[in-house]
Structure formats: structure tokens, C-alpha cells
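**Student:** Here you go, start.csv (CSV, C-alpha atoms):
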```csv
chain,number,residue,atom,x,y,z
A,1471,MET,CA,0.0,0.0,0.0
A,1472,THR,CA,1.0,3.6,-0.6
A,1473,ALA,CA,2.3,5.3,2.6
A,1474,PRO,CA,-0.2,7.8,3.8
A,1475,ALA,CA,0.6,11.5,3.3
A,1476,THR,CA,0.1,12.2,7.1
A,1477,THR,CA,2.9,9.9,8.2
A,1478,ALA,CA,5.0,12.0,10.5
A,1479,VAL,CA,8.0,9.8,10.9
A,1480,TYR,CA,8.8,6.4,9.3
A,1481,THR,CA,12.0,5.5,11.2
A,1482,ASP,CA,14.1,8.4,12.5
A,1483,VAL,CA,13.7,12.1,11.8
A,1484,ALA,CA,17.5,12.7,11.7
A,1485,ALA,CA,18.0,9.8,9.3
A,1486,GLU,CA,15.2,10.9,7.0
A,1487,PHE,CA,16.5,14.5,7.0
A,1488,ARG,CA,20.0,13.2,6.0
A,1489,ALA,CA,18.4,11.2,3.2
A,1490,ILE,CA,17.0,14.5,1.8
A,1491,THR,CA,20.2,16.5,2.2
A,1492,GLU,CA,22.8,13.8,1.5
A,1493,ALA,CA,21.2,11.0,-0.5
A,1494,VAL,CA,17.6,10.6,-1.6
A,1495,GLY,CA,14.3,10.9,0.2
A,1496,LEU,CA,10.8,9.8,-0.9
A,1497,HIS,CA,7.8,11.8,0.4
A,1498,ASP,CA,4.2,11.2,-0.2
A,1499,ASN,CA,3.3,14.8,-1.3
A,1500,SER,CA,-0.3,13.9,-2.4
A,1501,ALA,CA,-1.7,16.8,-0.3
A,1502,THR,CA,-0.4,19.1,-3.0
A,1503,GLY,CA,-3.2,20.2,-5.3
A,1504,ARG,CA,-3.3,19.0,-8.9
A,1505,LEU,CA,-5.5,20.5,-11.6
A,1506,LYS,CA,-5.9,19.4,-15.2
A,1507,ALA,CA,-6.6,22.3,-17.6
A,1508,THR,CA,-7.6,21.8,-21.2
A,1509,GLY,CA,-8.7,24.1,-24.0
A,1510,GLU,CA,-7.0,26.2,-26.6
A,1511,ASP,CA,-6.9,29.3,-24.5
A,1512,THR,CA,-5.4,27.7,-21.3
A,1513,LEU,CA,-1.9,29.2,-21.5
A,1514,ASP,CA,-3.0,32.5,-22.9
A,1515,LEU,CA,-5.5,33.1,-20.1
A,1516,LEU,CA,-3.0,32.0,-17.4
A,1517,ASN,CA,-0.5,34.3,-18.9
A,1518,ARG,CA,-2.9,37.2,-18.6
A,1519,LEU,CA,-3.8,36.4,-15.0
A,1520,SER,CA,-0.4,35.6,-13.5
A,1521,THR,CA,3.1,37.0,-12.9
A,1522,ASN,CA,5.3,35.0,-15.2
A,1523,GLY,CA,5.5,34.6,-19.0
A,1524,ILE,CA,4.0,31.2,-19.7
A,1525,VAL,CA,2.1,31.7,-23.0
A,1526,ASN,CA,4.8,30.1,-25.1
A,1527,LEU,CA,5.5,27.0,-23.1
A,1528,ALA,CA,6.2,24.1,-25.5
A,1529,PRO,CA,5.1,20.5,-24.7
A,1530,GLY,CA,7.3,19.3,-21.9
A,1531,GLN,CA,8.1,22.7,-20.6
A,1532,GLY,CA,6.8,24.5,-17.4
A,1533,ALA,CA,7.4,27.5,-15.2
A,1534,PRO,CA,6.4,28.8,-11.8
A,1535,THR,CA,4.0,31.7,-11.7
A,1536,VAL,CA,1.9,33.5,-9.1
A,1537,LEU,CA,-1.8,34.3,-9.1
A,1538,THR,CA,-2.2,37.7,-7.5
A,1539,THR,CA,-5.1,39.8,-6.4
A,1540,ASP,CA,-5.8,43.3,-7.8
A,1541,ARG,CA,-3.8,44.5,-4.7
A,1542,GLY,CA,-0.8,42.5,-5.7
A,1543,ARG,CA,-1.3,39.9,-2.9
A,1544,ILE,CA,-0.6,36.2,-3.3
A,1545,LEU,CA,-3.6,34.0,-4.1
A,1546,ASP,CA,-1.3,31.0,-4.8
A,1547,LEU,CA,2.0,30.0,-6.3
A,1548,LEU,CA,1.5,27.7,-9.3
A,1549,GLY,CA,3.6,25.3,-11.2
A,1550,VAL,CA,2.3,25.4,-14.8
A,1551,VAL,CA,3.4,22.5,-17.0
A,1552,ASN,CA,2.5,21.9,-20.6
A,1553,THR,CA,2.5,18.1,-20.7
A,1554,GLY,CA,1.5,18.0,-24.4
A,1555,ASP,CA,-1.9,16.4,-23.6
A,1556,TYR,CA,-3.0,19.0,-21.1
A,1557,THR,CA,-1.7,21.7,-18.8
A,1558,LEU,CA,-0.9,20.5,-15.3
A,1559,LEU,CA,-1.3,23.1,-12.5
A,1560,ILE,CA,0.4,22.3,-9.2
A,1561,THR,CA,-1.2,24.3,-6.4
A,1562,SER,CA,-0.5,24.6,-2.7
A,1563,PRO,CA,-2.3,22.0,-0.5
A,1564,ASP,CA,-6.1,22.8,-0.2
A,1565,CYS,CA,-5.9,25.6,-2.7
A,1566,GLN,CA,-7.3,23.8,-5.7
A,1567,GLN,CA,-10.8,25.2,-5.3
A,1568,ALA,CA,-9.6,28.7,-4.8
A,1569,VAL,CA,-7.6,28.5,-8.0
A,1570,ILE,CA,-10.5,27.0,-9.9
A,1571,ASP,CA,-12.8,29.8,-8.7
A,1572,TRP,CA,-10.3,32.4,-9.6
A,1573,LEU,CA,-9.8,31.1,-13.1
A,1574,ASP,CA,-13.6,30.7,-13.5
A,1575,LYS,CA,-14.1,34.3,-12.4
A,1576,TYR,CA,-12.0,35.6,-15.3
A,1577,THR,CA,-13.0,33.0,-17.9
A,1578,ILE,CA,-15.5,34.7,-20.2
A,1579,MET,CA,-15.4,33.5,-23.8
A,1580,GLU,CA,-12.1,31.6,-23.5
A,1581,ASP,CA,-11.8,27.9,-24.2
A,1582,LEU,CA,-10.8,26.5,-20.8
A,1583,GLU,CA,-11.9,23.6,-18.7
A,1584,VAL,CA,-10.3,22.9,-15.3
A,1585,GLU,CA,-10.6,19.5,-13.5
A,1586,ASP,CA,-9.4,18.8,-10.0
A,1587,ILE,CA,-7.5,15.5,-10.3
A,1588,THR,CA,-6.0,15.6,-6.8
A,1589,GLY,CA,-8.2,12.8,-5.5
A,1590,GLU,CA,-7.7,10.5,-8.4
A,1591,THR,CA,-3.9,10.8,-8.6
A,1592,ALA,CA,-0.9,10.5,-6.2
A,1593,LEU,CA,2.2,12.7,-6.1
A,1594,PHE,CA,5.5,11.6,-4.7
A,1595,THR,CA,8.4,13.9,-4.2
A,1596,VAL,CA,11.9,12.4,-4.7
A,1597,CYS,CA,14.4,14.8,-3.3
A,1598,GLY,CA,18.2,14.9,-2.6
A,1599,PRO,CA,21.4,14.7,-4.6
A,1600,ASP,CA,20.8,11.2,-5.7
A,1601,SER,CA,17.3,11.8,-6.8
A,1602,PRO,CA,18.0,11.9,-10.6
A,1603,ALA,CA,19.6,8.5,-10.7
A,1604,THR,CA,17.0,7.0,-8.3
A,1605,VAL,CA,14.0,8.1,-10.4
A,1606,ALA,CA,15.8,7.1,-13.6
A,1607,ARG,CA,16.4,3.5,-12.3
A,1608,ALA,CA,12.7,3.2,-11.2
A,1609,ALA,CA,11.6,4.5,-14.6
A,1610,GLY,CA,14.0,2.2,-16.6
A,1611,LEU,CA,16.1,5.1,-17.9
A,1612,GLU,CA,19.9,5.2,-17.9
A,1613,PRO,CA,21.2,4.3,-14.4
A,1614,ASP,CA,23.2,7.6,-13.9
A,1615,GLY,CA,20.1,9.7,-14.4
A,1616,ALA,CA,21.7,12.0,-17.0
A,1617,THR,CA,18.4,12.6,-18.8
A,1618,LEU,CA,16.7,13.8,-15.6
A,1619,GLN,CA,19.7,15.7,-14.4
A,1620,SER,CA,19.7,17.8,-17.6
A,1621,LEU,CA,15.9,18.4,-17.5
A,1622,PRO,CA,15.3,22.1,-16.9
A,1623,PRO,CA,13.3,23.1,-13.8
A,1624,TYR,CA,9.5,22.6,-14.2
A,1625,SER,CA,10.0,20.5,-17.3
A,1626,VAL,CA,8.5,17.0,-17.5
A,1627,LEU,CA,9.2,13.6,-18.9
A,1628,GLN,CA,6.5,11.0,-19.4
A,1629,CYS,CA,7.6,7.5,-18.7
A,1630,ALA,CA,6.6,4.2,-17.1
A,1631,THR,CA,7.5,3.7,-13.4
A,1632,GLY,CA,6.7,0.6,-11.6
A,1633,GLY,CA,4.7,-0.6,-14.6
A,1634,HIS,CA,2.5,2.5,-14.6
A,1635,ASP,CA,2.4,5.6,-16.7
A,1636,THR,CA,3.9,8.5,-14.8
A,1637,VAL,CA,4.7,12.2,-15.3
A,1638,VAL,CA,8.0,13.1,-13.8
A,1639,LEU,CA,8.4,16.8,-13.1
A,1640,ARG,CA,11.7,18.4,-12.1
A,1641,ARG,CA,10.6,20.8,-9.3
A,1642,PRO,CA,13.6,21.9,-7.2
A,1643,MET,CA,13.2,22.5,-3.4
A,1644,GLY,CA,15.4,25.6,-3.2
A,1645,GLU,CA,18.9,24.3,-3.5
A,1646,ILE,CA,17.8,20.6,-3.2
A,1647,THR,CA,17.4,18.7,-6.4
A,1648,ALA,CA,13.8,17.2,-6.5
A,1649,PHE,CA,11.4,15.5,-8.8
A,1650,ASP,CA,7.6,15.0,-8.5
A,1651,VAL,CA,6.3,11.7,-9.8
A,1652,LEU,CA,2.6,11.9,-10.7
A,1653,VAL,CA,0.6,8.7,-11.2
A,1654,ALA,CA,-3.0,7.6,-11.2
A,1655,SER,CA,-4.2,6.4,-7.8
A,1656,GLU,CA,-4.4,2.7,-8.9
A,1657,GLY,CA,-0.7,2.7,-9.6
A,1658,ALA,CA,0.5,4.6,-6.5
A,1659,ALA,CA,1.5,1.6,-4.5
A,1660,SER,CA,3.6,0.1,-7.3
A,1661,VAL,CA,5.3,3.4,-8.0
A,1662,TRP,CA,6.1,3.9,-4.3
A,1663,GLU,CA,7.6,0.5,-4.1
A,1664,ALA,CA,9.6,0.9,-7.3
A,1665,LEU,CA,11.1,4.2,-6.0
A,1666,MET,CA,12.0,2.5,-2.7
A,1667,ALA,CA,13.6,-0.4,-4.5
A,1668,SER,CA,15.7,2.0,-6.5
A,1669,GLY,CA,17.2,3.4,-3.3
A,1670,ALA,CA,14.9,6.1,-2.0
A,1671,THR,CA,14.3,6.4,1.8
A,1672,PRO,CA,10.7,7.1,2.9
A,1673,VAL,CA,10.5,10.5,4.5
A,1674,GLY,CA,7.6,11.7,6.8
A,1675,THR,CA,6.2,15.1,7.2
A,1676,GLU,CA,8.5,16.1,10.1
A,1677,ALA,CA,11.8,15.7,8.1
A,1678,PHE,CA,10.2,17.0,4.9
A,1679,ASN,CA,8.8,20.2,6.5
A,1680,ALA,CA,12.1,20.7,8.3
A,1681,SER,CA,13.8,20.7,4.9
A,1682,LEU,CA,11.4,23.3,3.6
A,1683,VAL,CA,12.0,25.6,6.5
A,1684,HIS,CA,15.7,25.1,6.3
A,1685,GLY,CA,15.6,25.7,2.6
A,1686,GLY,CA,13.7,29.0,3.0
A,1687,ILE,CA,10.8,27.7,0.9
A,1688,PRO,CA,7.5,29.7,1.6
A,1689,ARG,CA,4.3,27.8,2.3
A,1690,HIS,CA,0.8,28.9,1.8
A,1691,GLY,CA,-0.9,30.0,5.0
A,1692,ARG,CA,2.4,30.8,6.6
A,1693,GLU,CA,4.7,32.8,4.2
A,1694,MET,CA,2.2,33.0,1.3
A,1695,GLY,CA,-1.3,34.4,1.2
A,1696,ASP,CA,-3.3,37.6,1.1
A,1697,ASN,CA,-1.0,39.3,3.6
A,1698,PHE,CA,2.0,39.1,1.3
A,1699,ASN,CA,3.1,40.0,-2.3
A,1700,PRO,CA,5.5,38.0,-4.4
A,1701,LEU,CA,8.4,40.5,-3.9
A,1702,GLU,CA,8.1,40.2,-0.1
A,1703,ALA,CA,8.0,36.4,-0.3
A,1704,GLY,CA,11.2,36.2,-2.4
A,1705,LEU,CA,9.3,35.0,-5.5
A,1706,ILE,CA,10.8,37.7,-7.8
A,1707,GLY,CA,12.2,35.1,-10.1
A,1708,SER,CA,8.7,34.0,-11.0
A,1709,VAL,CA,7.8,37.6,-12.0
A,1710,ASP,CA,8.3,38.7,-15.7
A,1711,PHE,CA,8.4,42.5,-15.6
A,1712,ALA,CA,8.4,42.7,-19.4
A,1713,LYS,CA,5.5,40.6,-20.3
A,1714,GLY,CA,2.7,43.1,-19.9
A,1715,CYS,CA,-0.5,43.2,-17.9
A,1716,TYR,CA,-1.8,40.7,-15.4
A,1717,ILE,CA,-4.0,41.0,-12.4
A,1718,GLY,CA,-2.0,43.0,-9.8
A,1719,GLN,CA,0.7,44.0,-12.3
A,1720,GLU,CA,0.5,47.7,-11.6
A,1721,VAL,CA,1.0,47.3,-7.9
A,1722,ILE,CA,3.9,44.9,-8.2
A,1723,ALA,CA,5.6,47.0,-10.8
A,1724,ARG,CA,5.4,50.1,-8.6
A,1725,LEU,CA,6.8,48.3,-5.6
A,1726,ASP,CA,9.7,47.2,-7.7
A,1727,THR,CA,10.3,50.4,-9.6
A,1728,TYR,CA,10.1,52.7,-6.5
A,1729,GLN,CA,11.7,50.2,-4.1
A,1730,LYS,CA,8.7,50.3,-1.9
A,1731,VAL,CA,8.7,46.7,-0.6
A,1732,GLN,CA,7.9,47.0,3.1
A,1733,LYS,CA,9.2,43.7,4.4
A,1734,TYR,CA,11.1,40.6,3.3
A,1735,LEU,CA,11.0,36.9,4.0
A,1736,VAL,CA,14.1,35.9,6.0
A,1737,ARG,CA,15.7,32.7,7.3
A,1738,LEU,CA,16.3,32.7,11.0
A,1739,VAL,CA,18.4,30.7,13.4
A,1740,PHE,CA,17.5,31.0,17.1
A,1741,SER,CA,19.8,31.2,20.1
A,1742,GLU,CA,20.3,28.2,22.2
A,1743,GLY,CA,17.5,27.7,24.7
A,1744,ALA,CA,15.2,30.2,22.9
A,1745,GLN,CA,11.5,29.8,23.8
A,1746,VAL,CA,9.6,30.8,20.7
A,1747,THR,CA,6.3,29.9,18.9
A,1748,GLU,CA,5.1,30.7,15.4
A,1749,GLY,CA,3.7,34.2,15.4
A,1750,ALA,CA,6.2,35.5,17.8
A,1751,THR,CA,7.2,39.2,17.4
A,1752,LEU,CA,10.7,40.1,16.4
A,1753,GLU,CA,12.1,43.3,17.9
A,1754,LEU,CA,15.1,45.6,17.4
A,1755,ASP,CA,16.0,48.3,19.9
A,1756,GLY,CA,12.6,47.8,21.5
A,1757,ARG,CA,10.6,48.2,18.3
A,1758,SER,CA,8.6,45.5,16.6
A,1759,VAL,CA,10.2,44.8,13.2
A,1760,GLY,CA,8.9,41.5,12.2
A,1761,GLN,CA,7.2,38.1,13.0
A,1762,VAL,CA,8.1,34.5,13.0
A,1763,THR,CA,6.0,32.4,10.5
A,1764,SER,CA,7.5,28.9,10.6
A,1765,LEU,CA,9.7,26.9,13.1
A,1766,SER,CA,11.5,23.6,12.9
A,1767,PRO,CA,14.3,22.0,14.9
A,1768,LEU,CA,17.1,21.1,12.4
A,1769,PRO,CA,17.3,17.3,12.7
A,1770,SER,CA,21.0,17.2,11.8
A,1771,THR,CA,22.1,19.5,14.6
A,1772,GLY,CA,19.2,20.2,16.9
A,1773,ASP,CA,19.4,23.9,16.2
A,1774,LEU,CA,16.1,25.7,16.0
A,1775,VAL,CA,15.6,27.4,12.6
A,1776,GLY,CA,12.7,29.3,11.2
A,1777,LEU,CA,11.3,31.7,8.6
A,1778,GLY,CA,9.7,35.1,9.2
A,1779,TYR,CA,9.0,38.5,7.8
A,1780,VAL,CA,11.2,41.5,8.8
A,1781,ARG,CA,10.8,45.1,7.8
A,1782,THR,CA,13.1,46.1,5.0
A,1783,ALA,CA,15.4,48.4,6.9
A,1784,SER,CA,16.1,45.6,9.4
A,1785,ALA,CA,16.2,42.6,7.0
A,1786,ASN,CA,20.0,42.3,6.8
A,1787,PRO,CA,21.9,39.0,6.9
A,1788,GLY,CA,23.8,38.8,10.3
A,1789,GLN,CA,21.3,41.1,12.1
A,1790,THR,CA,20.3,39.8,15.5
A,1791,LEU,CA,16.8,40.4,16.7
A,1792,ASN,CA,15.2,40.0,20.1
A,1793,LEU,CA,12.1,37.8,20.7
A,1794,ALA,CA,9.3,39.8,22.3
A,1795,ALA,CA,7.7,38.4,25.5
A,1796,PRO,CA,6.3,35.9,26.2
A,1797,SER,CA,9.0,34.4,23.9
A,1798,THR,CA,12.6,34.6,25.1
A,1799,GLY,CA,16.0,34.6,23.3
A,1800,THR,CA,17.2,36.0,20.0
A,1801,ALA,CA,17.0,35.3,16.3
A,1802,GLN,CA,19.7,35.9,13.8
A,1803,ILE,CA,18.9,36.5,10.1
A,1804,THR,CA,21.0,34.2,8.0
A,1805,ASP,CA,19.8,35.3,4.6
A,1806,LEU,CA,16.8,36.5,2.4
A,1807,PRO,CA,15.8,33.4,0.4
A,1808,GLN,CA,14.7,33.8,-3.2
A,1809,LEU,CA,13.1,30.5,-4.3
A,1810,PHE,CA,13.5,31.1,-8.0
A,1811,GLY,CA,16.5,33.4,-8.0
A,1812,PRO,CA,16.8,37.2,-8.2
A,1813,GLY,CA,14.9,37.6,-11.4
A,1814,GLU,CA,15.9,40.1,-14.1
```
How does the structure come out when it is put into C-alpha cells?
**Tutor:**
Amino acid sequence: MTAPATTAVYTDVAAEFRAITEAVGLHDNSATGRLKATGEDTLDLLNRLSTNGIVNLAPGQGAPTVLTTDRGRILDLLGVVNTGDYTLLITSPDCQQAVIDWLDKYTIMEDLEVEDITGETALFTVCGPDSPATVARAAGLEPDGATLQSLPPYSVLQCATGGHDTVVLRRPMGEITAFDVLVASEGAASVWEALMASGATPVGTEAFNASLVHGGIPRHGREMGDNFNPLEAGLIGSVDFAKGCYIGQEVIARLDTYQKVQKYLVRLVFSEGAQVTEGATLELDGRSVGQVTSLSPLPSTGDLVGLGYVRTASANPGQTLNLAAPSTGTAQITDLPQLFGPGE
């Protein structure tokens, strides 16, 4: 049977975290939303609604893009992939219906149909330096994984894995090499077993979420949502400033042009013995300058790390901030993560 997505720990959190960072981990990421979009106007409409240039994606190609409100706030971060047969939309967990409703709101005469296929498919994330070779072995490709290693981010390869048709999507987790393997639900158990037999270590939610926090990867409901815009969230690499209008474009362009971004997503490491919860206030010289949004003990060292938002003037790597009561201790900013790079 396929391992349930809610499995917290399979064996040992530290060992699972090492698999992700040093070898290859296998995580049941089926909570991630998956939409199947069809129709001649799919890419054109998505291009007019979101931040990145995706209208010319050829079969096999994909790109990250952000749906934003008219105020420039994040509705969701999408992975848009032209599989050749249809356009695959990867959403944040539990955001499928919000994305469907948003697209429906702006679909007037366009030829577009969107189907939620989350419940009838499974999505496994294979992550770590050995992930290209592991997926390649399971899919019957060359053992060294050269084909997958050369696959550009958000591009796909359709192949057979564990005796079932699969879509393999290269979707890096920050600096960690990673692939999503999409399969119909009836083939999920066989694909999971094939990936394990090829060397992948099952990874539960504790180690996987720790790798997301450690990697500075924003998550919906924490670092992404209506309180944040793509520039604040470090998603500037998914914004095409030359492609023309989209919902929220004027706001985002002004923020960039006039350098008016008010706060930035930062990675944090907390002092030894710090007592802190998500939502804790960060202070500098007695003034509130930010907030903690995610926390995770680092399984490899035991250090407590996190993500948060800090006002622009104080969002400097190396800056030490105090934790406001009732939290205690300090937090040091290590860097300002940019999931898709600095953009152009």
C-alpha cells in the first residue's frame, strides 16, 4: 500500500533528513493540489492572469507563476506545465478550489476547462542529490540519471515507473534537487515500491517540513497568502516584468520600480535555549520589526531554525533580533531566500 501523506516519521527524523540533504528521500506529497486544464486558451489566459510569462511553453516545458489579487497579494504559487496532452497546474495544499474559482471568475469566452485531479492521482516527491539516478532507475532510464539531471526546472518527462504511466516533473526545493512523480491512484503503491527499491528512503512530514523551512521555501498559509506579495515572499524570479499586464501587475511594478517593498522573507536561526512559537514578534531596539512564521528543529544539529518577515530596513543578513515576550531569546537573520533566484 502507498504510505499515507500524514505519516509524521517512518523510522528516525534525523536519518530521514539526512536522506533528503545527502542521499535521496521519498515523500508522499499527495496533499499538494493538482489541476488538469484543457482548452486552446489555457496558457493564454493563465499568462494574462499571473506574474510569469507562460504563454509560449512548449510541450514538456513548465514554469512557476503566481496568481495575485488586484492589490498584488498572493492567491497562490502555481507550477504550470504543458504536458502535451493537457496543462498541469500544481497548487498549494487545499488551494485547488480557490484557484479553480479564480480562473472561472476571469473566464468569459475563453476555451478553458479545469478539472481537480488531486483525489484520483498520487504525487510523490523524490528529493536529494541522488534523486535523478533514483528516479531514472525506477523508470527504466539510464542508471546515472543523466536525462533527468539535464531536465530544466519545471519540465516534464512522461515514462513508465513501476509498470504504470507517470509524469516526472523536475521541481527543485530551493537548493535541493527534487522531482515530483505523478501517477493515477491505482498505480500509486507500485510506483512507491519501485522508487523505494531504487534506493529512496521514505520521509515523513517532520523531516520534509524541516527541509522546507531550512531551505527557505515559503508555504501557503504561513509565508504566502493575502498578507504578502511576491516580492516580499522572495518570489521575484517568478515575475516577468516585461510581459505586460496581469491581475495585480501595476501594484507589483510600482513596488519594484520605486523600491517600496515594506518587508522581506528571511531565514532565522534562534539562540540556544530560545523559547519561541510561530507568530512571535521580532524586535530591534525595543521596536517591533517582524514576525516568525515557521519553526523547525534542524534534525541534523538540533538547532532551531525558522522563517519570518522582517521590515526592509532591518532585514539584513547577520542582524540579531530579540524575541518579544512571552517568547525569550534571540533570532539571527541568515539570509533572504529567493526561491526562483533574483529575477531580471
**Student:** For a test of reading the model, state the distance in Å between atom CA of Leu1752 of chain A and atom CA of Val1739 of chain A, rounded to one decimal.
**Tutor:**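 Going from atom CA of Leu1752 of chain A over to atom CA of Val1739 of chain A covers 12.5 Å.
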**Student:** So what do you get for atom CA of Lys1733 of chain A versus atom CA of Asp1805 of chain A, distance-wise?
**Tutor:**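 So the answer is 13.5 Å.
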**Student:** Using only C-alpha atoms, which residues of segment 1631-1699 of chain A come within 8 Å of segment 1777-1787 of chain A, and what is the closest atom pair for each, with the distance in Å to one decimal? Give it as a tab-separated table, sorted by chain and residue number.
**Tutor:**
```
residue	atom	partner	partner_atom	distance
A:Val1683	CA	A:Leu1777	CA	6.5
A:Gly1686	CA	A:Leu1777	CA	6.7
A:Glu1693	CA	A:Gly1778	CA	7.4
```
**Student:** Return the single residue from A:Leu1505, A:Thr1751, A:Gly1554, A:Ala1616 that is closest to Ile1570 of chain A, with distances computed using all atoms listed in the file.
**Tutor:**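 Result for the nearest residue to Ile1570 of chain A: A:Leu1505.
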**Student:** In Å to one decimal, how far is atom CA of Ala1533 of chain A from atom CA of Ala1606 of chain A?
**Tutor:**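 Pair atom CA of Ala1606 of chain A / atom CA of Ala1533 of chain A returns 22.1 Å.
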**Student:** Could you tell me which of A:Pro1700, A:Ala1658, A:Thr1763, A:Gly1743 comes closest to Gln1719 of chain A if we count all atoms listed in the file?
**Tutor:** A:Pro1700
**Student:** Find the residues near Gly1772 of chain A: any atom within 12 Å, counting only C-alpha atoms, skip ones fewer than 5 places away on the same chain, and give them as a PyMOL selection string.
**Tutor:** chain A and resi 1483-1484+1487+1680+1739-1743+1766-1767
**Student:** Contacts of Gln1808 of chain A at 9 Å or less, counting only C-alpha atoms, minus same-chain residues fewer than 2 places along, as number ranges by chain?
**Tutor:** A: 1644, 1686-1687, 1703-1707, 1735, 1806, 1810-1812
